[in-house]
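As structure tokens, the structure follows; a few thoughts come after it.
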Amino acid sequence: MLSVKNLKKDYNGFIALKGISFDIKENETLGILGPNGAGKSTLIKILTCFHNKSSGEVKINNIDIEQKNKIKRLIGWVPQDDTFYHKLTVYENLEYFASLFQIPRRQFKEHYKELLKLLQLESKENAVSGSLSGGMKRRLSLAIALIHSPKILYLDEPTAGVDPVSRRALWEVIKKIQKSGISILFCTHYLDEADLLCNKIAILKAGSIITIDTPANIKKRYGKTLEEAFVKIVNESS
């Protein structure tokens with residue numbers, strides 16, 4: 001679904017990505033872990049077409065990322081900040097973002113109800129979006145990212161800033177999304193959720209991938225917990 005080969009990004013002499021390569025298969029979730037400054041944000045900006053790559057190859061569903069109009073229809077993105085208009089209702093936000101993708105009215109009517117059910121937002125359809133709780137706001141951002149039925153979903157620290165109860169509820173929502181067959185790239189600082197939700201994990205440091213494997217294999221090789229393994233891997237790569 002997503003193929004990244006020897007991806008490099010040079011910001012006027014500062015090499016943010018040093019030739020990274022990885023693949024995400026259909027219905028697979030890859031977690032991207034790394035300390036601050038590792039290059040996670042740069043990677044997301046390139047994958048979402050906000051920044052251009054310096055060199056390398058990125059393809060989604062065999063379409064080169066340079067074909068931005070086609071690529072944007074294939075991706076859904078949940079950034080760390082809210083993606084919606086606070087003064088609009090949940091329904092109005094979904095209706096607006098669906099219109100940006102020129103989704104036919106009948107198709108939207110069917111799809112938005114499915115999304116509200118999937119994300120447990122049915123009771124909030126007519127609520128003003130700015131009045132939602134932190135966890136509900138994250139669910140609305142997820143709904144917006146999914147409104148055009150993308151092939152791959154980018155989650156950039158989706159549970160940051162929410163309370164523990166809402167965080168675990170979001171895990172259950174993400175599990176449901178995974179069952180729908182969508183591929184996911186998952187950036188997080190929470191090692192427990194990466195262990196729970198990801199098929200594979202890539203650890204990024206200073207613009208390079210220093211290991212990529214399943215959570216089970218990483219723990220088997222480096223530590224009893226993923227956090228212990230992560231610390232060991234990052235320190236040993238210094």
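Following the order of the structure tokens, first chain is A, next is B, and so on, with residues numbered from 1 inside each chain and ligands from 1 in the order they appear.
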Give me, as CSV, the closest atom pair and its distance (Å, one decimal) for every residue of range 11-53 of chain A within a cut-off of 9 Å of range 211-232 of chain A, counting only C-alpha atoms, rows sorted by chain and rising number.
```
residue,atom,partner,partner_atom,distance
A:Phe22,CA,A:Ile212,CA,8.4
A:Leu33,CA,A:Phe230,CA,8.5
A:Gly34,CA,A:Phe230,CA,8.5
```
Store the residues picked out above in a file with all heavy atoms, as a compact mmCIF listing (two decimals), in the first residue's frame.
```
# COMPACT_ATOMS: atom_id res chain seq x y z
N PHE A 22 10.88 1.76 4.01
CA PHE A 22 9.96 0.85 4.69
C PHE A 22 8.73 0.66 3.81
O PHE A 22 8.50 1.41 2.86
CB PHE A 22 9.55 1.37 6.08
CG PHE A 22 8.80 2.68 6.07
CD1 PHE A 22 7.41 2.71 5.94
CD2 PHE A 22 9.48 3.88 6.20
CE1 PHE A 22 6.72 3.90 5.93
CE2 PHE A 22 8.79 5.09 6.19
CZ PHE A 22 7.40 5.10 6.06
N LEU A 33 8.28 5.23 15.93
CA LEU A 33 8.70 5.71 17.24
C LEU A 33 10.04 6.42 17.10
O LEU A 33 10.83 6.11 16.21
CB LEU A 33 8.86 4.55 18.22
CG LEU A 33 7.69 3.58 18.39
CD1 LEU A 33 8.06 2.51 19.42
CD2 LEU A 33 6.44 4.32 18.83
N GLY A 34 10.30 7.36 18.01
CA GLY A 34 11.59 8.02 17.99
C GLY A 34 11.63 9.18 18.95
O GLY A 34 10.58 9.77 19.27
```
Fill in: In range 124-155 of chain A, DSSP strand (DSSP E or B) residues written as a list of chain:residue names
A:Val128, A:Ile152, A:Leu153, A:Tyr154, A:Leu155
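Between CA of Asn199 in chain A and CA of Leu115 in chain A lies a distance of 23.9 Å.
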Item to complete: Please report, as a PyMOL selection string, each residue of chain A to which DSSP assigns alpha helix (DSSP H) when run on this structure's backbone.
Response: chain A and resi 40-47+68-74+90-100+105-118+134-146+164-179+191-197+215-222+226-236
Would you give me, as JSON lines, each residue of range 99-184 of chain A having an atom within 10 Å of an atom of range 47-68 of chain A, along with its shortest atom pair and that distance in Å to one decimal, using only C-alpha atoms and sorting by chain and residue number?
```
{"residue": "A:Lys151", "atom": "CA", "partner": "A:Asn61", "partner_atom": "CA", "distance": 8.0}
{"residue": "A:Ile152", "atom": "CA", "partner": "A:Ile60", "partner_atom": "CA", "distance": 8.3}
{"residue": "A:Tyr154", "atom": "CA", "partner": "A:Thr48", "partner_atom": "CA", "distance": 8.4}
```
Worksheet item: Which neighbours of Ile209 in chain A fall inside 9 Å, counting only C-alpha atoms, when residues of the same chain fewer than 5 positions from it are skipped, and could you give them as a VMD selection string?
Response: chain A and resid 18 to 22 202 to 204
Just the selected residues (all heavy atoms), exported as a PDB file, in the first residue's frame, please.
```pdb
ATOM      1  N   LYS A  18      17.625  10.639   6.212  1.00  0.00           N
ATOM      2  CA  LYS A  18      18.901  10.237   5.628  1.00  0.00           C
ATOM      3  C   LYS A  18      18.794   8.964   4.788  1.00  0.00           C
ATOM      4  O   LYS A  18      19.656   8.089   4.859  1.00  0.00           O
ATOM      5  CB  LYS A  18      19.922  10.042   6.746  1.00  0.00           C
ATOM      6  CG  LYS A  18      20.164  11.308   7.564  1.00  0.00           C
ATOM      7  CD  LYS A  18      21.104  11.063   8.732  1.00  0.00           C
ATOM      8  CE  LYS A  18      21.292  12.335   9.556  1.00  0.00           C
ATOM      9  NZ  LYS A  18      22.161  12.112  10.744  1.00  0.00           N
ATOM     10  N   GLY A  19      17.727   8.853   4.040  1.00  0.00           N
ATOM     11  CA  GLY A  19      17.586   7.699   3.159  1.00  0.00           C
ATOM     12  C   GLY A  19      16.868   6.539   3.811  1.00  0.00           C
ATOM     13  O   GLY A  19      17.390   5.430   3.879  1.00  0.00           O
ATOM     14  N   ILE A  20      15.638   6.789   4.287  1.00  0.00           N
ATOM     15  CA  ILE A  20      14.892   5.746   4.996  1.00  0.00           C
ATOM     16  C   ILE A  20      14.026   4.947   4.017  1.00  0.00           C
ATOM     17  O   ILE A  20      13.555   5.473   3.010  1.00  0.00           O
ATOM     18  CB  ILE A  20      14.028   6.319   6.143  1.00  0.00           C
ATOM     19  CG1 ILE A  20      12.914   7.213   5.608  1.00  0.00           C
ATOM     20  CG2 ILE A  20      14.901   7.089   7.131  1.00  0.00           C
ATOM     21  CD1 ILE A  20      11.922   7.634   6.683  1.00  0.00           C
ATOM     22  N   SER A  21      13.831   3.688   4.360  1.00  0.00           N
ATOM     23  CA  SER A  21      13.022   2.792   3.527  1.00  0.00           C
ATOM     24  C   SER A  21      12.138   1.924   4.408  1.00  0.00           C
ATOM     25  O   SER A  21      12.589   1.422   5.448  1.00  0.00           O
ATOM     26  CB  SER A  21      13.922   1.880   2.668  1.00  0.00           C
ATOM     27  OG  SER A  21      14.756   2.627   1.810  1.00  0.00           O
ATOM     28  N   PHE A  22      10.883   1.759   4.006  1.00  0.00           N
ATOM     29  CA  PHE A  22       9.964   0.850   4.685  1.00  0.00           C
ATOM     30  C   PHE A  22       8.733   0.662   3.809  1.00  0.00           C
ATOM     31  O   PHE A  22       8.503   1.412   2.859  1.00  0.00           O
ATOM     32  CB  PHE A  22       9.553   1.366   6.076  1.00  0.00           C
ATOM     33  CG  PHE A  22       8.803   2.676   6.067  1.00  0.00           C
ATOM     34  CD1 PHE A  22       7.415   2.706   5.936  1.00  0.00           C
ATOM     35  CD2 PHE A  22       9.476   3.881   6.201  1.00  0.00           C
ATOM     36  CE1 PHE A  22       6.717   3.901   5.927  1.00  0.00           C
ATOM     37  CE2 PHE A  22       8.788   5.089   6.193  1.00  0.00           C
ATOM     38  CZ  PHE A  22       7.404   5.101   6.064  1.00  0.00           C
ATOM     39  N   ALA A 202       8.871   0.788  13.553  1.00  0.00           N
ATOM     40  CA  ALA A 202      10.132   1.334  13.058  1.00  0.00           C
ATOM     41  C   ALA A 202      10.598   2.389  14.057  1.00  0.00           C
ATOM     42  O   ALA A 202       9.833   3.279  14.429  1.00  0.00           O
ATOM     43  CB  ALA A 202       9.947   1.958  11.684  1.00  0.00           C
ATOM     44  N   ILE A 203      11.835   2.261  14.502  1.00  0.00           N
ATOM     45  CA  ILE A 203      12.399   3.232  15.439  1.00  0.00           C
ATOM     46  C   ILE A 203      13.324   4.160  14.656  1.00  0.00           C
ATOM     47  O   ILE A 203      14.276   3.725  14.007  1.00  0.00           O
ATOM     48  CB  ILE A 203      13.147   2.541  16.592  1.00  0.00           C
ATOM     49  CG1 ILE A 203      12.151   1.699  17.398  1.00  0.00           C
ATOM     50  CG2 ILE A 203      13.828   3.569  17.494  1.00  0.00           C
ATOM     51  CD1 ILE A 203      12.762   0.948  18.561  1.00  0.00           C
ATOM     52  N   LEU A 204      12.994   5.435  14.729  1.00  0.00           N
ATOM     53  CA  LEU A 204      13.673   6.462  13.951  1.00  0.00           C
ATOM     54  C   LEU A 204      14.536   7.301  14.890  1.00  0.00           C
ATOM     55  O   LEU A 204      14.089   7.700  15.972  1.00  0.00           O
ATOM     56  CB  LEU A 204      12.618   7.332  13.260  1.00  0.00           C
ATOM     57  CG  LEU A 204      13.022   8.322  12.173  1.00  0.00           C
ATOM     58  CD1 LEU A 204      13.603   7.580  10.967  1.00  0.00           C
ATOM     59  CD2 LEU A 204      11.793   9.128  11.725  1.00  0.00           C
TER      60      LEU A 204
END
```
Practice prompt. Tell me, in Å to one decimal, how far CA of Ile201 in chain A is from CA of Lys25 in chain A.
Written response: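 About the pair CA of Ile201 in chain A and CA of Lys25 in chain A: they are 13.2 Å apart.
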Worksheet item: A:Thr188, A:Thr29, A:Ser131, A:Ser41: which is nearest Ile174 in chain A, counting only C-alpha atoms?
Response: A:Thr29
Practice prompt. Can you work out the spacing between CA of Ala206 in chain A and CA of Ala38 in chain A in Å, to one decimal?
Written response: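 Between CA of Ala206 in chain A and CA of Ala38 in chain A the gap is 4.5 Å.
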Practice prompt. Can you pull out every residue within 12 Å of Tyr91 in chain A, counting only C-alpha atoms, but drop anything in the same chain fewer than 3 positions away, and send it as a VMD selection string?
Written response: chain A and resid 84 to 88 94 to 98 108 to 109 111 to 113 115 to 116 121 to 129 140 143 to 144 147
Practice prompt. Please provide as a VMD selection string all residues within 8 Å of Val173 in chain A, with the sequence filter that same-chain residues fewer than 4 positions apart are discarded (counting only C-alpha atoms).
Written response: chain A and resid 118 to 119 169 177
Given the selection you just returned, output its residues as a file containing all heavy atoms, formatted as a CSV table (one decimal), in the first residue's frame.
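What ended up in again13.csv:
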```csv
chain,number,residue,atom,x,y,z
A,118,LEU,N,-19.3,3.9,13.8
A,118,LEU,CA,-18.0,3.3,14.0
A,118,LEU,C,-17.3,4.1,15.1
A,118,LEU,O,-16.6,3.4,16.0
A,118,LEU,CB,-17.2,3.4,12.7
A,118,LEU,CG,-15.7,3.0,12.8
A,118,LEU,CD1,-15.6,1.5,13.0
A,118,LEU,CD2,-15.0,3.4,11.5
A,119,LEU,N,-17.4,5.4,15.1
A,119,LEU,CA,-16.6,6.2,16.1
A,119,LEU,C,-17.4,6.6,17.3
A,119,LEU,O,-17.0,7.4,18.1
A,119,LEU,CB,-16.1,7.5,15.4
A,119,LEU,CG,-15.2,7.2,14.2
A,119,LEU,CD1,-14.8,8.5,13.4
A,119,LEU,CD2,-13.9,6.5,14.6
A,169,ALA,N,-10.4,4.5,25.2
A,169,ALA,CA,-11.6,4.4,24.3
A,169,ALA,C,-11.2,4.6,22.8
A,169,ALA,O,-11.7,4.0,21.9
A,169,ALA,CB,-12.6,5.5,24.7
A,177,ILE,N,-11.2,0.5,13.2
A,177,ILE,CA,-10.8,1.0,12.0
A,177,ILE,C,-9.9,0.0,11.3
A,177,ILE,O,-9.9,-0.2,10.1
A,177,ILE,CB,-10.0,2.4,12.1
A,177,ILE,CG1,-11.0,3.5,12.6
A,177,ILE,CG2,-9.4,2.8,10.8
A,177,ILE,CD1,-10.4,4.8,13.0
```
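When only C-alpha atoms are used to compute distances to Trp77 in chain A, the closest of the residues A:Ala160, A:Ile32, A:Leu43, A:Leu153 turns out to be A:Leu153.
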Worksheet item: Neighbours of Ser133 in chain A within 10 Å (only C-alpha atoms; same-chain residues fewer than 6 positions away dropped), as a VMD selection string?
Response: chain A and resid 139 162 166
